[in-house]
Amino acid sequence: MTLKRATLWMVPIIVIGVLFYWPMTRVLSEGLTGDWLATLAEPRVVGAIWFTIWQAIVSTIICLVMGLPAAYVLYRRRSPAARLLRALLTVPFALPTIVTAIGFTAFRTQDVWHTGTAAEGFFDSPTTWIIAAHVFVNFAVITRVVGSTWVSQSHDTEEAAALAGAGRLRIFWSISLPQLRPAIVSATFTVFLYCTASYGLVLVLGGGLVNSIETEIAIAANQFLDLQEAGTLALLQTLLSILAFAISTTGTRSKIGFDVQDADDGKRPIDRRDLAAVALTWVSIALTVVPLALIVLRAFTTDSGTPTLENFFNLGTNGARNLLDITLGQAALNSLRNVVVATLLAGTLGTLVAYLLTRPTRSRVAHRFNRVLDVVFLMPLGVSTIVLGFGYLLTFGGGWLPLRSSWLIVPLVQGLMALPLVVRIVQPALNAASEELAEQAATDGASAASTFFRVELPMAREAITAAFGYAAIVSIGEFGAASLLAYGDQATLPTVLYQLVSRPGGDNYGMAMAMSAIVIALTFAVVFAASLPAKHRTRPQRF
Amino acid sequence: MQIKNTRMRRTLAALTTITIATAALVGCSTNASKAVAIASHDSFIFPDALINQFKSETGFYLEGGAKLGDAGELTNKLVLTKDSPVADLVFGIDNTFAGVAQSNGIIDGELVPIDYADVCFNYDKNWFAKAGIPAPTSWRELTDKKYAGLTVVENPTTSSTGLSFLFASIGALGESGWQSWWSKMRDNGLKVTAGWEDAYYIEFTAGGGSGTYPIVLSYSSSPAFTVDAADGESTTASINNECFRQIEYAGVLKNAKNPAGARAVIDFMLKKDFQSALPDSNYVYPVDESVQLPESWAKFAPASQSFVDVSGLDFEANRKKWQQQWRDILESK
């Protein structure tokens, strides 16, 4: 039994060892050679570190201010069209970040309405748009994570307090907040993590003049060919991410809690005293819709503003002045192929890891072993795609595993990024399943395999489906690693979109907008479909 | 129970297959065939008619090209991937990055000059006529208050056009003077973009977009592409004073799968047909002096005669330092 389990463990351990720990070791050794301390003292590097941290803090605070009222209105209260609005707010989070970046460049060039005003400098600054974009992408994380906890809290205490005459804010402050604190802390540091590790947004909106640690890593590698500096920055970025990640998971272990099925019973409808919260929620909704609408609008107009469908017809071309090595259609096929491979890799391996981690441990050694492996498989969550992409470039360029020249390198790195997410989503579901029924099945004489396939798998089906969905989202939107690893005819949708938006002129900008509009439409469709209530939950088969 | 165990095994088998397939696919690559791949910067165009001509003349055909960013990014990415190169030859490494290519040993043999281009400032003739301000005759004047908020340049960290001019400014003003010139430019409302396309098509007043900057860092050849059909005159002009001559090279990549094909491409690039197509397709001057320039070029886009002497500058040793110093100036707004 144990021998069998150890054999099963070998597959994921080898995969994560070769595809994650080996390249990370290369980054580590590259980053700690030479004068790495001097690198950290360079004013440019210090500037990038400082920018990364302060913009992440500001973005996170704005996300909290916007996300909490929305969580209250859409999860705690009974609101009209709550399910629809929740889904709407999730769209930016699920969109490939490069699409968001493209959308916000459209904002930036609309400078007619603020030129000459006192706020001109504010609106002209790339920093403003980077923070705005970070809020746009991430505040749904606050809303959903906090909302999912809020939804399941008892209403009794609050109602008692309300009867005693306490106002909404006071109730929130002294009753709801303490209960919500673990969820808020978790969501806050998750958002902080995402804001520090965002690459595409800073790259496109910063225009090379505003840089974060992430873009400096790419500049060090691509522009300066300074691998030691890239490595040192990568280490720093990883430390920062792991720190944020560690804080985000303390206290709320095993809860990604991104979506809950909640019944409407017991919830009070919104009333007049919720006005402020409702107003803020509508502001958030407007701020979500406007950039998306701007992209779609721009997709249907020419550079000079006349309506056209030309941008969509151009999608079959290689862009103005033959900029692209392949058409957007071919890039979409590459992305699709990568998604399938990455999702299968992350989904199957992740489920296997989650399964193995939820097996009851009899000995103390086995228990420790599990704890260690748990962390081992979570680590990729704390590493940004650009860092891992850089590690792949160092490790798989030649040597005995020259993966770099194969198309597989991109889906492999993407699958690896998604692997810990799958484990985190599937593990709690399997845990619940195994506690409830597995032992009963075992006493009935079922083997481990049949218990898994007949009992646990069906019970965890929803979670596993969700996990595959998340893996697909991660893969399709992944830009950092692909930008370092996918060349020529292996370009992916995000890397091609980046080429188009960084080389505007002619039809290129319009093409980027048209493709972005299509991606937005698809994301809408998927997110709304996923938000529909599950009609029939599968019951475990009896045997 | 037996059946269910089989399902388990199948899952395991699938996992193992993925792992093995990964290893297998890595090793496989097509044998040296007739296909040749070119790695180039983003702006390179191999005209369609010439692609066919190349195929019928040599028997090789172009396939799987890779555009890797600006000249700097192109060079560096080729260094980072030199053990298993993404193409057979490179086009577009310029004289500011040739040293990087050579010192890192990515080229098999020599870098061969194919064309050149002169990095100069351009201005919008109509804008200056309308504003009643005399157009600048040298980029040194751009710090003047009357040109405040009129100039857009490319970032030398992300654009080879920008980098060329940074070198020109250092060559012209010396180690002691270039930084103060750039500080004055910053204070005079200098706009910086990441790439040439952003500067020319988006920010420049005469680049087809709705830009607001009538002076742009571009090329001496650019005015040939802004000829007004109505009066046959170009709407822009180049300040052909103290420019930077950018020479573009091609070279066979070390470890190329098809070095013979790569050589055939380079030979073809030096032939009259390709050379005479360079101005219209790539906005550059052919390296072959005997090739006649198109008419509009002779009229509106003569090559510059005035260059900054950069022979005393060690690009290799100082590039990063200068780029950093430039960033420190421009970012300390």
# chains A, B, ... in the order shown; residues from 1 in each chain; ligands from 1
call {"tool": "residues_around", "arguments": {"residues": "Ala94 in chain A", "least_positions_apart": "3", "cutoff": "10 Å", "atoms": "only C-alpha atoms", "output": "VMD selection string"}}
result
chain A and resid 89 to 91 97 137 to 138 140 470 473 to 474 476 to 477 520 523 to 524 526 to 527
call {"tool": "closest_atom_pairs", "arguments": {"of": "chain A", "to": "chain B", "cutoff": "6 Å", "atoms": "only C-alpha atoms", "output": "tab-separated table"}}
result
residue	atom	partner	partner_atom	distance
A:Gly207	CA	B:Ala194	CA	5.0
A:Gly208	CA	B:Ala194	CA	5.7
A:Asn222	CA	B:Glu73	CA	5.3
A:Gln223	CA	B:Glu73	CA	5.5
A:Leu225	CA	B:Asn76	CA	5.9
A:Gly397	CA	B:Thr81	CA	5.8
A:Gly398	CA	B:Asp83	CA	5.3
A:Leu403	CA	B:Val26	CA	5.5
A:Ser406	CA	B:Val26	CA	5.4
A:Ser450	CA	B:Lys4	CA	5.4
A:Tyr487	CA	B:Ala66	CA	6.0
A:Gly488	CA	B:Ala66	CA	3.8
A:Asp489	CA	B:Gly64	CA	5.8
A:Arg503	CA	B:Glu197	CA	5.4
A:Pro504	CA	B:Glu197	CA	5.7
A:Gly505	CA	B:Tyr201	CA	5.2
call {"tool": "write_last_selection", "arguments": {"atoms": "N, CA, C and O atoms", "output": "short mmCIF file (atom, residue, chain, number, x, y, z; two decimals), in the first residue's frame"}}
result
data_model
loop_
_atom_site.label_atom_id
_atom_site.label_comp_id
_atom_site.auth_asym_id
_atom_site.auth_seq_id
_atom_site.Cartn_x
_atom_site.Cartn_y
_atom_site.Cartn_z
N GLY A 207 5.45 51.81 -20.66
CA GLY A 207 6.17 52.27 -21.84
C GLY A 207 7.68 52.33 -21.66
O GLY A 207 8.34 53.14 -22.28
N GLY A 208 8.24 51.49 -20.82
CA GLY A 208 9.69 51.47 -20.63
C GLY A 208 10.18 52.52 -19.65
O GLY A 208 11.31 52.47 -19.19
N ASN A 222 16.69 40.80 -21.68
CA ASN A 222 16.53 41.08 -23.11
C ASN A 222 17.32 42.27 -23.62
O ASN A 222 17.74 42.28 -24.76
N GLN A 223 17.45 43.30 -22.80
CA GLN A 223 18.10 44.51 -23.29
C GLN A 223 19.56 44.63 -22.84
O GLN A 223 20.39 45.14 -23.57
N LEU A 225 21.33 41.93 -21.41
CA LEU A 225 21.98 40.63 -21.43
C LEU A 225 22.76 40.40 -20.14
O LEU A 225 23.83 39.83 -20.12
N GLY A 397 17.84 25.78 -22.57
CA GLY A 397 18.35 26.28 -23.84
C GLY A 397 19.22 25.26 -24.54
O GLY A 397 19.25 25.15 -25.75
N GLY A 398 19.96 24.51 -23.76
CA GLY A 398 20.83 23.49 -24.33
C GLY A 398 20.91 22.34 -23.35
O GLY A 398 19.91 21.99 -22.74
N LEU A 403 14.68 21.59 -24.08
CA LEU A 403 13.26 21.84 -24.28
C LEU A 403 12.95 23.12 -25.05
O LEU A 403 11.93 23.23 -25.69
N SER A 406 11.54 23.16 -28.45
CA SER A 406 10.28 22.45 -28.71
C SER A 406 9.09 23.34 -28.39
O SER A 406 9.15 24.19 -27.50
N SER A 450 -10.93 1.86 -6.48
CA SER A 450 -12.36 1.92 -6.77
C SER A 450 -13.04 2.95 -5.89
O SER A 450 -13.98 3.61 -6.32
N TYR A 487 8.82 31.82 -29.78
CA TYR A 487 9.32 32.62 -30.89
C TYR A 487 8.65 32.23 -32.20
O TYR A 487 8.19 31.10 -32.37
N GLY A 488 8.68 33.17 -33.13
CA GLY A 488 8.28 32.88 -34.51
C GLY A 488 6.92 32.23 -34.62
O GLY A 488 5.93 32.76 -34.11
N ASP A 489 6.88 31.05 -35.23
CA ASP A 489 5.58 30.42 -35.48
C ASP A 489 4.98 29.80 -34.22
O ASP A 489 3.92 29.20 -34.26
N ARG A 503 3.67 47.89 -31.66
CA ARG A 503 4.03 48.42 -32.98
C ARG A 503 2.77 48.94 -33.64
O ARG A 503 2.29 48.37 -34.63
N PRO A 504 2.19 50.02 -33.11
CA PRO A 504 0.95 50.53 -33.70
C PRO A 504 1.25 51.15 -35.06
O PRO A 504 2.37 51.13 -35.52
N GLY A 505 0.24 51.74 -35.65
CA GLY A 505 0.43 52.28 -36.99
C GLY A 505 -0.16 51.32 -37.98
O GLY A 505 -0.17 50.11 -37.76
#
call {"tool": "atom_distance", "arguments": {"atom1": "CA of Gly200 in chain A", "atom2": "CA of Ala38 in chain A"}}
result
27.2 Å
call {"tool": "residues_around", "arguments": {"residues": "Ser221 in chain B", "least_positions_apart": "5", "cutoff": "9 Å", "atoms": "only C-alpha atoms", "output": "ChimeraX atom specification"}}
result
/B:117-119,238,279,283-285,297,300-303
call {"tool": "closest_residue", "arguments": {"among": "A:Ala418, A:Leu408, A:Ala234, A:Ala164", "to": "Arg337 in chain A", "atoms": "only C-alpha atoms"}}
result
A:Leu408
call {"tool": "closest_atom_pairs", "arguments": {"of": "range 269-318 of chain B", "to": "range 135-146 of chain B", "cutoff": "12 Å", "atoms": "only C-alpha atoms", "output": "CSV"}}
result
residue,atom,partner,partner_atom,distance
B:Ser306,CA,B:Ser138,CA,10.9
B:Phe307,CA,B:Ser138,CA,11.9
B:Val308,CA,B:Trp139,CA,11.8
call {"tool": "write_last_selection", "arguments": {"atoms": "C-alpha atoms", "output": "PDB file, in the first residue's frame"}}
result
ATOM      1  CA  SER B 306      26.569  65.074 -41.606  1.00  0.00           C
ATOM      2  CA  PHE B 307      27.281  62.479 -38.941  1.00  0.00           C
ATOM      3  CA  VAL B 308      28.353  62.578 -35.390  1.00  0.00           C
TER       4      VAL B 308
END
call {"tool": "residues_around", "arguments": {"residues": "Pro113 in chain B", "least_positions_apart": "4", "cutoff": "12 Å", "atoms": "only C-alpha atoms", "output": "list in words"}}
result
Val90, Phe91, Gly92, Ile93, Asp94, Asn95, Ala98, Ala117, Gln246, Ile247, Glu248, Tyr249, Ala250, Gly251, Ile266, Asp267, Met269, Leu270, Gln275, Tyr285, Pro286, Val287 and Asp288 of chain B
call {"tool": "atom_distance", "arguments": {"atom1": "CA of Ser483 in chain A", "atom2": "CA of Tyr199 in chain A"}}
result
10.4 Å
call {"tool": "atom_distance", "arguments": {"atom1": "CA of Leu416 in chain A", "atom2": "CA of His367 in chain A"}}
result
24.9 Å
call {"tool": "residues_around", "arguments": {"residues": "Glu214 in chain A", "least_positions_apart": "2", "cutoff": "7 Å", "atoms": "only C-alpha atoms", "output": "PDB file with N, CA and C atoms, in the first residue's frame"}}
result
ATOM      1  N   ALA A 197       3.360  41.009  -8.921  1.00  0.00           N
ATOM      2  CA  ALA A 197       3.856  40.062  -9.923  1.00  0.00           C
ATOM      3  C   ALA A 197       3.289  40.329 -11.314  1.00  0.00           C
ATOM      4  N   TYR A 199       3.167  41.615 -14.932  1.00  0.00           N
ATOM      5  CA  TYR A 199       4.230  41.965 -15.876  1.00  0.00           C
ATOM      6  C   TYR A 199       3.696  42.710 -17.105  1.00  0.00           C
ATOM      7  N   SER A 212       8.689  47.938 -12.949  1.00  0.00           N
ATOM      8  CA  SER A 212       8.595  47.181 -11.709  1.00  0.00           C
ATOM      9  C   SER A 212       9.731  46.154 -11.717  1.00  0.00           C
ATOM     10  N   GLU A 216      11.929  44.916 -14.977  1.00  0.00           N
ATOM     11  CA  GLU A 216      13.384  45.047 -14.910  1.00  0.00           C
ATOM     12  C   GLU A 216      14.072  43.699 -15.152  1.00  0.00           C
ATOM     13  N   ILE A 217      13.426  42.613 -14.727  1.00  0.00           N
ATOM     14  CA  ILE A 217      14.003  41.291 -14.996  1.00  0.00           C
ATOM     15  C   ILE A 217      14.083  41.081 -16.512  1.00  0.00           C
ATOM     16  N   ALA A 218      12.973  41.399 -17.191  1.00  0.00           N
ATOM     17  CA  ALA A 218      12.954  41.218 -18.646  1.00  0.00           C
ATOM     18  C   ALA A 218      13.943  42.164 -19.326  1.00  0.00           C
ATOM     19  N   ILE A 386       7.384  35.397 -15.263  1.00  0.00           N
ATOM     20  CA  ILE A 386       8.595  35.915 -15.905  1.00  0.00           C
ATOM     21  C   ILE A 386       9.825  35.271 -15.259  1.00  0.00           C
TER      22      ILE A 386
END
call {"tool": "select_by_dssp", "arguments": {"residues": "range 101-141 of chain B", "states": "strand (DSSP E)", "output": "list in words"}}
result
Ile107, Asp108, Gly109, Glu110, Leu111, Val112, Pro113, Ile114, Asp115, Tyr116, Ala117, Asp118, Val119, Cys120, Phe121, Asn122, Tyr123 and Asp124 of chain B
call {"tool": "residues_around", "arguments": {"residues": "range 224-237 of chain B", "least_positions_apart": "4", "cutoff": "9 Å", "atoms": "only C-alpha atoms", "output": "mmCIF file with C-alpha atoms, in the first residue's frame"}}
result
data_model
loop_
_atom_site.group_PDB
_atom_site.id
_atom_site.type_symbol
_atom_site.label_atom_id
_atom_site.label_comp_id
_atom_site.auth_asym_id
_atom_site.auth_seq_id
_atom_site.Cartn_x
_atom_site.Cartn_y
_atom_site.Cartn_z
ATOM 1 C CA PHE B 121 15.016 64.317 -36.418
ATOM 2 C CA ASN B 122 12.023 65.000 -38.687
ATOM 3 C CA TYR B 123 9.524 67.825 -38.430
ATOM 4 C CA ASP B 124 6.023 68.578 -39.695
ATOM 5 C CA LYS B 125 6.443 71.334 -42.313
ATOM 6 C CA ASN B 126 2.790 72.378 -42.257
ATOM 7 C CA ALA B 206 2.322 64.193 -39.486
ATOM 8 C CA GLY B 207 2.491 60.440 -38.958
ATOM 9 C CA SER B 220 16.375 60.785 -43.101
ATOM 10 C CA ASP B 280 10.552 50.988 -50.598
ATOM 11 C CA TYR B 283 12.889 52.448 -45.647
ATOM 12 C CA SER B 296 10.915 60.326 -54.372
ATOM 13 C CA TRP B 297 13.963 59.343 -52.348
ATOM 14 C CA ALA B 298 16.335 61.393 -54.444
ATOM 15 C CA LYS B 299 14.011 64.359 -53.937
ATOM 16 C CA PHE B 300 12.847 64.056 -50.338
ATOM 17 C CA ALA B 301 15.055 61.524 -48.652
#
call {"tool": "residues_around", "arguments": {"residues": "Tyr498 in chain A", "least_positions_apart": "2", "cutoff": "9 Å", "atoms": "only C-alpha atoms", "output": "number ranges by chain"}}
result
A: 98-99, 102, 200, 204, 479, 483, 493-496, 500-503, 512
call {"tool": "write_last_selection", "arguments": {"atoms": "N, CA and C atoms", "output": "tab-separated table (two decimals), in the first residue's frame"}}
result
chain	number	residue	atom	x	y	z
A	98	ILE	N	-2.95	40.99	-20.93
A	98	ILE	CA	-2.50	41.80	-22.06
A	98	ILE	C	-3.69	42.51	-22.70
A	99	VAL	N	-4.85	41.88	-22.65
A	99	VAL	CA	-6.06	42.51	-23.19
A	99	VAL	C	-6.43	43.73	-22.36
A	102	ILE	N	-4.09	46.50	-23.21
A	102	ILE	CA	-4.46	47.11	-24.49
A	102	ILE	C	-5.64	48.06	-24.29
A	200	GLY	N	2.74	42.09	-17.80
A	200	GLY	CA	2.24	42.65	-19.05
A	200	GLY	C	1.69	44.07	-18.89
A	204	VAL	N	3.34	47.27	-20.86
A	204	VAL	CA	2.63	48.02	-21.90
A	204	VAL	C	2.32	49.44	-21.44
A	479	PHE	N	1.39	35.46	-20.16
A	479	PHE	CA	2.15	36.26	-21.11
A	479	PHE	C	3.65	36.30	-20.79
A	483	SER	N	6.43	35.27	-23.45
A	483	SER	CA	7.16	36.35	-24.11
A	483	SER	C	8.66	36.05	-24.14
A	493	LEU	N	-1.44	33.85	-28.46
A	493	LEU	CA	-2.34	34.99	-28.61
A	493	LEU	C	-1.83	36.21	-27.82
A	494	PRO	N	-1.50	36.06	-26.53
A	494	PRO	CA	-1.00	37.24	-25.81
A	494	PRO	C	0.29	37.82	-26.39
A	495	THR	N	1.23	37.00	-26.83
A	495	THR	CA	2.48	37.59	-27.33
A	495	THR	C	2.23	38.31	-28.66
A	496	VAL	N	1.35	37.78	-29.49
A	496	VAL	CA	1.03	38.45	-30.75
A	496	VAL	C	0.29	39.76	-30.49
A	500	LEU	N	1.45	43.58	-31.61
A	500	LEU	CA	0.58	44.52	-32.32
A	500	LEU	C	0.48	45.85	-31.59
A	501	VAL	N	0.32	45.77	-30.26
A	501	VAL	CA	0.07	47.02	-29.53
A	501	VAL	C	1.38	47.79	-29.34
A	502	SER	N	2.52	47.10	-29.37
A	502	SER	CA	3.77	47.83	-29.21
A	502	SER	C	4.28	48.34	-30.56
A	503	ARG	N	3.67	47.89	-31.66
A	503	ARG	CA	4.03	48.42	-32.98
A	503	ARG	C	2.77	48.94	-33.64
A	512	ALA	N	-5.38	44.64	-32.88
A	512	ALA	CA	-5.25	44.28	-31.47
A	512	ALA	C	-6.59	44.48	-30.76
call {"tool": "select_by_dssp", "arguments": {"residues": "range 111-279 of chain B", "states": "alpha helix (DSSP H)", "output": "ChimeraX atom specification"}}
result
/B:125-131,160-187,196-197,259-269,272-279
call {"tool": "write_last_selection", "arguments": {"atoms": "C-alpha atoms", "output": "PDB file, in the first residue's frame"}}
result
ATOM      1  CA  LYS B 125       6.443  71.334 -42.313  1.00  0.00           C
ATOM      2  CA  ASN B 126       2.790  72.378 -42.257  1.00  0.00           C
ATOM      3  CA  TRP B 127       2.714  72.639 -38.496  1.00  0.00           C
ATOM      4  CA  PHE B 128       5.663  75.026 -38.403  1.00  0.00           C
ATOM      5  CA  ALA B 129       4.305  77.073 -41.319  1.00  0.00           C
ATOM      6  CA  LYS B 130       1.004  77.426 -39.487  1.00  0.00           C
ATOM      7  CA  ALA B 131       2.534  78.200 -36.101  1.00  0.00           C
ATOM      8  CA  SER B 160      17.350  50.973 -31.410  1.00  0.00           C
ATOM      9  CA  THR B 161      16.380  54.293 -32.999  1.00  0.00           C
ATOM     10  CA  GLY B 162      16.458  55.859 -29.552  1.00  0.00           C
ATOM     11  CA  LEU B 163      19.726  54.165 -28.676  1.00  0.00           C
ATOM     12  CA  SER B 164      21.366  55.371 -31.907  1.00  0.00           C
ATOM     13  CA  PHE B 165      20.501  58.941 -31.100  1.00  0.00           C
ATOM     14  CA  LEU B 166      21.642  58.582 -27.481  1.00  0.00           C
ATOM     15  CA  PHE B 167      25.038  57.555 -28.870  1.00  0.00           C
ATOM     16  CA  ALA B 168      24.926  60.476 -31.322  1.00  0.00           C
ATOM     17  CA  SER B 169      24.249  62.926 -28.498  1.00  0.00           C
ATOM     18  CA  ILE B 170      27.114  61.506 -26.444  1.00  0.00           C
ATOM     19  CA  GLY B 171      29.428  61.618 -29.459  1.00  0.00           C
ATOM     20  CA  ALA B 172      28.461  65.212 -30.230  1.00  0.00           C
ATOM     21  CA  LEU B 173      28.318  66.671 -26.730  1.00  0.00           C
ATOM     22  CA  GLY B 174      30.934  64.550 -25.040  1.00  0.00           C
ATOM     23  CA  GLU B 175      30.826  62.637 -21.753  1.00  0.00           C
ATOM     24  CA  SER B 176      30.627  65.947 -19.939  1.00  0.00           C
ATOM     25  CA  GLY B 177      27.816  67.583 -21.891  1.00  0.00           C
ATOM     26  CA  TRP B 178      25.256  65.027 -22.942  1.00  0.00           C
ATOM     27  CA  GLN B 179      23.533  64.656 -19.605  1.00  0.00           C
ATOM     28  CA  SER B 180      22.843  68.341 -19.176  1.00  0.00           C
ATOM     29  CA  TRP B 181      21.442  68.531 -22.733  1.00  0.00           C
ATOM     30  CA  TRP B 182      19.010  65.717 -21.923  1.00  0.00           C
ATOM     31  CA  SER B 183      18.027  67.338 -18.615  1.00  0.00           C
ATOM     32  CA  LYS B 184      17.194  70.519 -20.522  1.00  0.00           C
ATOM     33  CA  MET B 185      15.194  68.477 -23.016  1.00  0.00           C
ATOM     34  CA  ARG B 186      13.311  66.857 -20.160  1.00  0.00           C
ATOM     35  CA  ASP B 187      12.538  70.266 -18.683  1.00  0.00           C
ATOM     36  CA  TRP B 196       9.466  54.154 -33.175  1.00  0.00           C
ATOM     37  CA  GLU B 197       5.904  53.290 -34.181  1.00  0.00           C
ATOM     38  CA  PRO B 259      23.847  27.027 -42.873  1.00  0.00           C
ATOM     39  CA  ALA B 260      23.982  26.562 -46.646  1.00  0.00           C
ATOM     40  CA  GLY B 261      20.490  27.992 -46.984  1.00  0.00           C
ATOM     41  CA  ALA B 262      21.411  30.844 -44.651  1.00  0.00           C
ATOM     42  CA  ARG B 263      24.397  31.718 -46.837  1.00  0.00           C
ATOM     43  CA  ALA B 264      22.199  31.611 -49.910  1.00  0.00           C
ATOM     44  CA  VAL B 265      19.858  34.170 -48.320  1.00  0.00           C
ATOM     45  CA  ILE B 266      22.723  36.523 -47.506  1.00  0.00           C
ATOM     46  CA  ASP B 267      24.116  36.241 -51.043  1.00  0.00           C
ATOM     47  CA  PHE B 268      20.647  36.989 -52.366  1.00  0.00           C
ATOM     48  CA  MET B 269      20.335  40.042 -50.116  1.00  0.00           C
ATOM     49  CA  LYS B 272      20.724  44.028 -57.254  1.00  0.00           C
ATOM     50  CA  ASP B 273      17.093  42.891 -57.094  1.00  0.00           C
ATOM     51  CA  PHE B 274      17.000  42.747 -53.321  1.00  0.00           C
ATOM     52  CA  GLN B 275      19.181  45.815 -52.856  1.00  0.00           C
ATOM     53  CA  SER B 276      17.013  47.975 -55.101  1.00  0.00           C
ATOM     54  CA  ALA B 277      13.868  46.831 -53.272  1.00  0.00           C
ATOM     55  CA  LEU B 278      15.252  47.883 -49.869  1.00  0.00           C
ATOM     56  CA  PRO B 279      14.226  51.579 -49.927  1.00  0.00           C
TER      57      PRO B 279
END
